[in-house]
>>> print(open('run.csv').read())   # CSV, C-alpha atoms
chain,number,residue,atom,x,y,z
H,16,MET,CA,-22.1,-20.4,52.2
H,17,ALA,CA,-21.9,-16.9,50.6
H,18,HIS,CA,-18.8,-16.2,52.6
H,19,ARG,CA,-17.1,-19.4,51.3
H,20,SER,CA,-18.1,-18.4,47.7
H,21,SER,CA,-16.5,-15.0,48.2
H,22,LEU,CA,-13.3,-16.6,49.4
H,23,VAL,CA,-13.2,-18.9,46.4
H,24,PHE,CA,-13.8,-16.0,44.1
H,25,LEU,CA,-11.0,-13.9,45.6
H,26,ALA,CA,-8.6,-16.9,45.5
H,27,SER,CA,-9.4,-17.4,41.8
H,28,ILE,CA,-8.5,-13.8,41.1
H,29,CYS,CA,-5.2,-14.1,43.0
H,30,LEU,CA,-4.4,-17.3,41.2
H,31,PHE,CA,-5.2,-15.6,37.8
H,32,ASN,CA,-2.9,-12.7,38.6
H,33,ILE,CA,0.0,-15.0,39.7
H,34,ILE,CA,-0.3,-17.1,36.5
H,35,ASN,CA,-0.3,-14.0,34.2
H,36,LEU,CA,2.3,-12.0,36.1
H,37,PRO,CA,5.1,-13.0,33.7
H,38,PHE,CA,3.0,-11.9,30.7
H,39,LEU,CA,2.1,-8.6,32.3
H,40,SER,CA,5.7,-7.9,33.1
H,41,HIS,CA,6.9,-8.6,29.6
H,42,ALA,CA,8.0,-5.3,28.1
H,43,ILE,CA,6.9,-4.4,24.6
H,44,SER,CA,9.3,-2.2,22.7
H,45,SER,CA,8.5,0.5,20.2
H,46,CYS,CA,10.6,1.9,17.4
H,47,ASN,CA,14.4,1.3,17.9
H,48,GLY,CA,13.6,-0.4,21.2
H,49,ALA,CA,15.7,-3.4,22.3
H,50,CYS,CA,14.4,-6.8,21.3
H,51,ASN,CA,15.4,-10.5,21.0
H,52,THR,CA,12.4,-11.8,19.0
H,53,ASN,CA,9.5,-10.3,17.0
H,54,ASP,CA,7.3,-10.8,20.1
H,55,ASP,CA,9.2,-8.1,21.9
H,56,CYS,CA,8.1,-5.5,19.4
H,57,ASP,CA,4.9,-3.5,19.4
H,58,GLY,CA,2.2,-3.9,16.7
H,59,GLN,CA,3.5,-4.8,13.3
H,60,LEU,CA,7.1,-4.0,14.1
H,61,ILE,CA,9.7,-6.7,13.8
H,62,CYS,CA,13.1,-7.4,15.5
H,63,ILE,CA,16.0,-6.4,13.2
H,64,ASN,CA,19.5,-6.6,14.5
H,65,GLY,CA,18.4,-6.3,18.1
H,66,LYS,CA,16.0,-3.3,17.5
H,67,CYS,CA,12.3,-3.0,16.7
H,68,ASN,CA,11.7,-1.6,13.3
H,69,ASP,CA,9.3,-1.5,10.4
H,70,ASP,CA,8.7,-4.8,8.5
H,71,PRO,CA,9.8,-4.2,4.9
H,72,ASP,CA,7.4,-6.9,3.7
H,73,VAL,CA,4.4,-5.3,5.4
H,74,GLY,CA,5.3,-1.7,4.4
H,75,THR,CA,4.6,0.1,7.7
H,76,HIS,CA,6.4,3.4,8.1
H,77,THR,CA,5.9,3.8,11.9
H,78,CYS,CA,9.6,4.3,12.6
H,79,ASP,CA,10.4,6.9,9.9
H,80,GLY,CA,8.2,9.6,11.4
H,81,SER,CA,5.5,9.6,8.7
H,82,GLY,CA,3.0,7.7,10.8
H,83,SER,CA,1.4,6.3,7.6
H,84,THR,CA,0.8,2.8,6.5
H,85,PRO,CA,1.0,2.6,2.8
H,86,SER,CA,-0.6,-0.2,0.8
H,87,SER,CA,2.6,-1.2,-0.9
H,88,PRO,CA,5.5,-2.9,0.9
H,89,SER,CA,8.7,-1.1,1.7
H,90,GLY,CA,10.7,-0.1,-1.3
H,91,GLY,CA,7.7,-0.2,-3.5
H,92,ASP,CA,5.8,2.9,-4.7
H,93,ASP,CA,2.7,3.0,-6.9
H,94,ASN,CA,3.7,6.5,-8.1
H,95,CYS,CA,7.5,5.9,-8.4
H,96,GLN,CA,9.0,8.7,-10.5
H,97,SER,CA,12.6,9.6,-11.5
H,98,SER,CA,14.3,11.7,-8.8
H,99,GLY,CA,16.8,13.2,-11.3
H,100,THR,CA,19.3,12.4,-14.1
H,101,LEU,CA,22.9,11.4,-14.2
H,102,SER,CA,25.1,12.4,-17.2
H,103,CYS,CA,27.6,9.9,-18.1
H,104,ASN,CA,29.7,9.4,-21.3
H,105,GLY,CA,27.5,11.8,-23.2
H,106,ASN,CA,24.3,10.1,-22.1
H,107,SER,CA,21.7,11.0,-19.5
H,108,TYR,CA,20.3,8.3,-17.3
H,109,PRO,CA,17.2,8.6,-15.0
H,110,GLN,CA,17.8,8.1,-11.3
H,111,TYR,CA,15.4,6.4,-8.9
H,112,THR,CA,15.2,6.0,-5.2
H,113,CYS,CA,12.0,3.9,-5.5
H,114,SER,CA,10.9,0.8,-7.3
H,115,PRO,CA,7.4,-0.6,-8.3
H,116,PRO,CA,5.3,-2.2,-5.5
H,117,VAL,CA,6.4,-5.6,-4.3
H,118,SER,CA,3.8,-8.3,-4.5
H,119,SER,CA,3.6,-12.1,-4.6
H,120,SER,CA,4.5,-11.9,-8.3
H,121,THR,CA,6.5,-8.7,-8.9
H,122,GLN,CA,7.3,-7.9,-12.5
H,123,ALA,CA,11.0,-7.3,-13.1
H,124,ILE,CA,13.8,-7.5,-15.6
H,125,LEU,CA,16.5,-10.1,-14.9
H,126,THR,CA,20.0,-8.9,-15.9
H,127,LEU,CA,23.4,-10.7,-15.7
H,128,ASN,CA,26.0,-9.7,-13.2
H,129,ASP,CA,29.5,-11.1,-12.3
H,130,PHE,CA,29.8,-10.8,-8.5
H,131,SER,CA,33.3,-12.2,-8.4
H,132,GLU,CA,36.4,-10.0,-7.9
H,133,GLY,CA,37.3,-8.2,-11.1
H,134,GLY,CA,33.8,-8.8,-12.4
H,135,ASP,CA,31.4,-6.2,-13.8
H,136,GLY,CA,29.9,-5.8,-10.3
H,137,GLY,CA,32.7,-3.4,-9.3
H,138,ASP,CA,33.2,-3.3,-5.5
H,139,PRO,CA,32.3,-6.2,-3.2
H,140,SER,CA,28.7,-6.9,-2.5
H,141,LYS,CA,27.1,-4.3,-0.3
H,142,CYS,CA,25.3,-6.6,2.1
H,143,ASP,CA,28.4,-8.6,3.3
H,144,GLU,CA,31.3,-6.7,1.8
H,145,LYS,CA,32.4,-9.9,0.0
H,146,TYR,CA,32.8,-11.1,-3.6
H,147,HIS,CA,30.7,-14.1,-4.7
H,148,ASP,CA,31.6,-16.9,-7.1
H,149,ASN,CA,29.6,-17.2,-10.3
H,150,SER,CA,28.4,-20.6,-9.1
H,151,GLU,CA,26.5,-19.0,-6.2
H,152,GLN,CA,22.8,-18.2,-6.7
H,153,VAL,CA,22.9,-14.5,-5.6
H,154,VAL,CA,21.2,-11.3,-6.8
H,155,ALA,CA,21.3,-7.5,-6.5
H,156,LEU,CA,18.1,-5.6,-6.3
H,157,SER,CA,17.3,-2.1,-7.6
H,158,THR,CA,17.6,0.6,-4.9
H,159,GLY,CA,13.9,0.8,-4.0
H,160,TRP,CA,13.6,-3.0,-3.6
H,161,TYR,CA,17.0,-3.2,-1.8
H,162,SER,CA,15.3,-0.9,0.7
H,163,GLU,CA,18.4,0.3,2.5
H,164,GLY,CA,19.6,-3.2,3.0
H,165,SER,CA,16.5,-4.5,4.8
H,166,ARG,CA,16.4,-7.5,2.4
H,167,CYS,CA,20.1,-8.4,2.7
H,168,GLY,CA,20.6,-12.1,3.2
H,169,ASN,CA,16.9,-12.9,2.5
H,170,MET,CA,16.0,-15.4,-0.2
H,171,ILE,CA,13.8,-14.4,-3.1
H,172,ARG,CA,12.1,-16.7,-5.6
H,173,ILE,CA,12.5,-15.8,-9.3
H,174,THR,CA,10.2,-17.3,-12.0
H,175,ALA,CA,11.0,-17.1,-15.7
H,176,SER,CA,8.5,-17.0,-18.6
H,177,ASN,CA,9.5,-20.6,-19.3
H,178,GLY,CA,8.0,-21.7,-16.0
H,179,ASN,CA,11.3,-22.4,-14.3
H,180,SER,CA,12.0,-20.9,-10.9
H,181,VAL,CA,14.9,-20.6,-8.5
H,182,THR,CA,15.6,-19.1,-5.1
H,183,ALA,CA,18.5,-16.7,-4.7
H,184,LYS,CA,20.1,-14.7,-1.9
H,185,VAL,CA,20.0,-10.9,-1.9
H,186,VAL,CA,23.6,-9.8,-1.5
H,187,ASP,CA,23.9,-6.4,-3.1
H,188,GLU,CA,22.1,-3.3,-4.4
H,189,CYS,CA,21.8,-2.5,-8.1
H,190,ASP,CA,22.2,1.2,-7.6
H,191,SER,CA,19.5,3.2,-9.3
H,192,VAL,CA,20.9,6.5,-8.2
H,193,ASN,CA,24.7,6.4,-8.7
H,194,GLY,CA,27.0,5.0,-11.4
H,195,CYS,CA,29.6,5.7,-14.0
H,196,ASP,CA,32.5,5.4,-11.5
H,197,ASN,CA,35.0,2.9,-10.2
H,198,GLU,CA,32.7,1.7,-7.5
H,199,HIS,CA,30.1,0.7,-10.1
H,200,ALA,CA,32.7,-0.6,-12.6
H,201,GLY,CA,31.8,2.4,-14.9
H,202,GLN,CA,28.2,1.2,-15.4
H,203,PRO,CA,25.3,3.7,-15.4
H,204,PRO,CA,22.6,3.6,-12.7
H,205,CYS,CA,20.3,0.6,-12.8
H,206,ARG,CA,16.7,0.9,-13.8
H,207,ASN,CA,14.3,0.7,-10.9
H,208,ASN,CA,12.9,-2.7,-11.8
H,209,ILE,CA,16.1,-4.8,-12.0
H,210,VAL,CA,16.9,-8.2,-10.4
H,211,ASP,CA,20.6,-8.5,-11.2
H,212,GLY,CA,21.4,-12.2,-11.1
H,213,SER,CA,24.6,-14.3,-11.1
H,214,LYS,CA,25.3,-16.8,-13.9
H,215,ALA,CA,24.1,-19.6,-11.5
H,216,VAL,CA,20.7,-17.9,-11.4
H,217,TRP,CA,20.4,-17.8,-15.1
H,218,ASP,CA,21.6,-21.4,-15.5
H,219,ALA,CA,19.1,-22.6,-12.9
H,220,LEU,CA,16.3,-20.8,-14.8
H,221,GLY,CA,17.5,-22.4,-18.1
H,222,LEU,CA,18.1,-19.0,-19.7
H,223,ASP,CA,20.6,-17.9,-22.3
H,224,THR,CA,23.0,-15.5,-20.7
H,225,THR,CA,24.0,-14.1,-24.1
H,226,VAL,CA,20.5,-12.5,-24.3
H,227,GLY,CA,21.4,-10.2,-21.4
H,228,GLU,CA,17.9,-9.4,-20.2
H,229,GLU,CA,14.8,-11.5,-19.5
H,230,GLN,CA,11.3,-10.7,-18.2
H,231,VAL,CA,10.7,-12.4,-14.8
H,232,THR,CA,8.6,-12.2,-11.7
H,233,TRP,CA,9.9,-12.4,-8.1
H,234,SER,CA,8.7,-12.6,-4.6
H,235,MET,CA,10.1,-13.2,-1.1
H,236,ALA,CA,10.8,-16.9,-0.7
>>> encode(input="run.csv", output="structure tokens")
Amino acid sequence: MAHRSSLVFLASICLFNIINLPFLSHAISSCNGACNTNDDCDGQLICINGKCNDDPDVGTHTCDGSGSTPSSPSGGDDNCQSSGTLSCNGNSYPQYTCSPPVSSSTQAILTLNDFSEGGDGGDPSKCDEKYHDNSEQVVALSTGWYSEGSRCGNMIRITASNGNSVTAKVVDECDSVNGCDNEHAGQPPCRNNIVDGSKAVWDALGLDTTVGEEQVTWSMA
């Protein structure tokens, strides 16, 4: 009887190993490793353009060599300070490589931008190298929030003080470092807390475009 029990036990172990063999053989990639889905990446890394990388919405910095995990998401900095100044047309403008921390209700200033060819956006949008019609609900984010393009193509939700909200696609960077040149249509660097929206975004929020700026909040949609 004991011999039969041992055989049953050994058979169970073999069956377990056979069933789990595909899972044991599944390779988990680390930083910059090849991937097809987020499940292919180690820990909190996600699959971006076929490679495992930090998730901008979690804020891990595993792949940048710092080894730290800050409390604020990527592109957000609790201690964001100006990195320098840019002189332009007799004025000095602060430059920023960072933006305030991103949360479920991030405070921002909504500005108006013309993303069409010949508009005040200057060159084509950075994410897709295309111009966008004023009827499209699209935005540019300050350099820190743009986060080296990691939010390109993502939808964000913008909420105005009147209670209206709209979703818009991130298509460009509102450069907080460079400006006053042809690429930026002569405009100075953006402040570090800007959501630069198309006319369609303003219209959807029921805002007056002649005002030029409005206090809003935003989050990932």
>>> atom_distance(input="run.csv", atom1="atom CA of Glu229 of chain H", atom2="atom CA of Pro115 of chain H")
17.3 Å
>>> closest_residue(input="run.csv", among="H:Val192, H:Val226, H:Met235, H:Leu220", to="Tyr108 of chain H", atoms="only C-alpha atoms")
H:Val192
>>> atom_distance(input="run.csv", atom1="atom CA of Asn47 of chain H", atom2="atom CA of Ile61 of chain H")
10.1 Å
>>> atom_distance(input="run.csv", atom1="atom CA of Asp143 of chain H", atom2="atom CA of Gly65 of chain H")
18.0 Å
>>> residues_around(input="run.csv", residues="Thr52 of chain H", least_positions_apart="5", cutoff="10 Å", atoms="all atoms listed in the file", output="PDB file with C-alpha atoms, keeping the file's coordinate frame")
ATOM      1  CA  ILE H  61       9.700  -6.700  13.800  1.00  0.00           C
ATOM      2  CA  CYS H  62      13.100  -7.400  15.500  1.00  0.00           C
ATOM      3  CA  ILE H  63      16.000  -6.400  13.200  1.00  0.00           C
ATOM      4  CA  ASN H  64      19.500  -6.600  14.500  1.00  0.00           C
ATOM      5  CA  GLY H  65      18.400  -6.300  18.100  1.00  0.00           C
ATOM      6  CA  LYS H  66      16.000  -3.300  17.500  1.00  0.00           C
ATOM      7  CA  CYS H  67      12.300  -3.000  16.700  1.00  0.00           C
TER       8      CYS H  67
END
>>> residues_near_point(input="run.csv", point="(2.1, -13.9, -9.9)", cutoff="9 Å", atoms="only C-alpha atoms", output="ChimeraX atom specification")
/H:118-122,232-234
>>> closest_residue(input="run.csv", among="H:Gln96, H:Asn128, H:Ser162, H:Ser114", to="Gln202 of chain H", atoms="only C-alpha atoms")
H:Asn128
>>> closest_atom_pairs(input="run.csv", of="segment 78-172 of chain H", to="segment 211-214 of chain H", cutoff="6 Å", atoms="all atoms listed in the file", output="CSV")
residue,atom,partner,partner_atom,distance
H:Leu125,CA,H:Asp211,CA,5.7
H:Thr126,CA,H:Asp211,CA,4.8
H:Leu127,CA,H:Gly212,CA,5.2
H:Asn128,CA,H:Ser213,CA,5.2
H:Asp129,CA,H:Ser213,CA,6.0
H:Asn149,CA,H:Lys214,CA,5.6
H:Val153,CA,H:Ser213,CA,5.8
H:Val154,CA,H:Gly212,CA,4.4
H:Ala155,CA,H:Asp211,CA,4.9
>>> residues_around(input="run.csv", residues="Thr174 of chain H", least_positions_apart="2", cutoff="6 Å", atoms="all atoms listed in the file", output="list of chain:residue names")
H:Asn179, H:Ser180, H:Val231, H:Thr232
>>> closest_residue(input="run.csv", among="H:Gly227, H:Gly201, H:Gly178, H:Gly99", to="Gly134 of chain H", atoms="all atoms listed in the file")
H:Gly201
>>> closest_residue(input="run.csv", among="H:Gly159, H:Gly168, H:Pro204, H:Pro116", to="Ser102 of chain H", atoms="all atoms listed in the file")
H:Pro204
>>> closest_residue(input="run.csv", among="H:Ile171, H:Cys46, H:Leu222, H:Cys103", to="Val117 of chain H", atoms="only C-alpha atoms")
H:Ile171
>>> closest_residue(input="run.csv", among="H:Ala175, H:Ala219, H:Ile209, H:Ile124", to="Asp190 of chain H", atoms="all atoms listed in the file")
H:Ile209
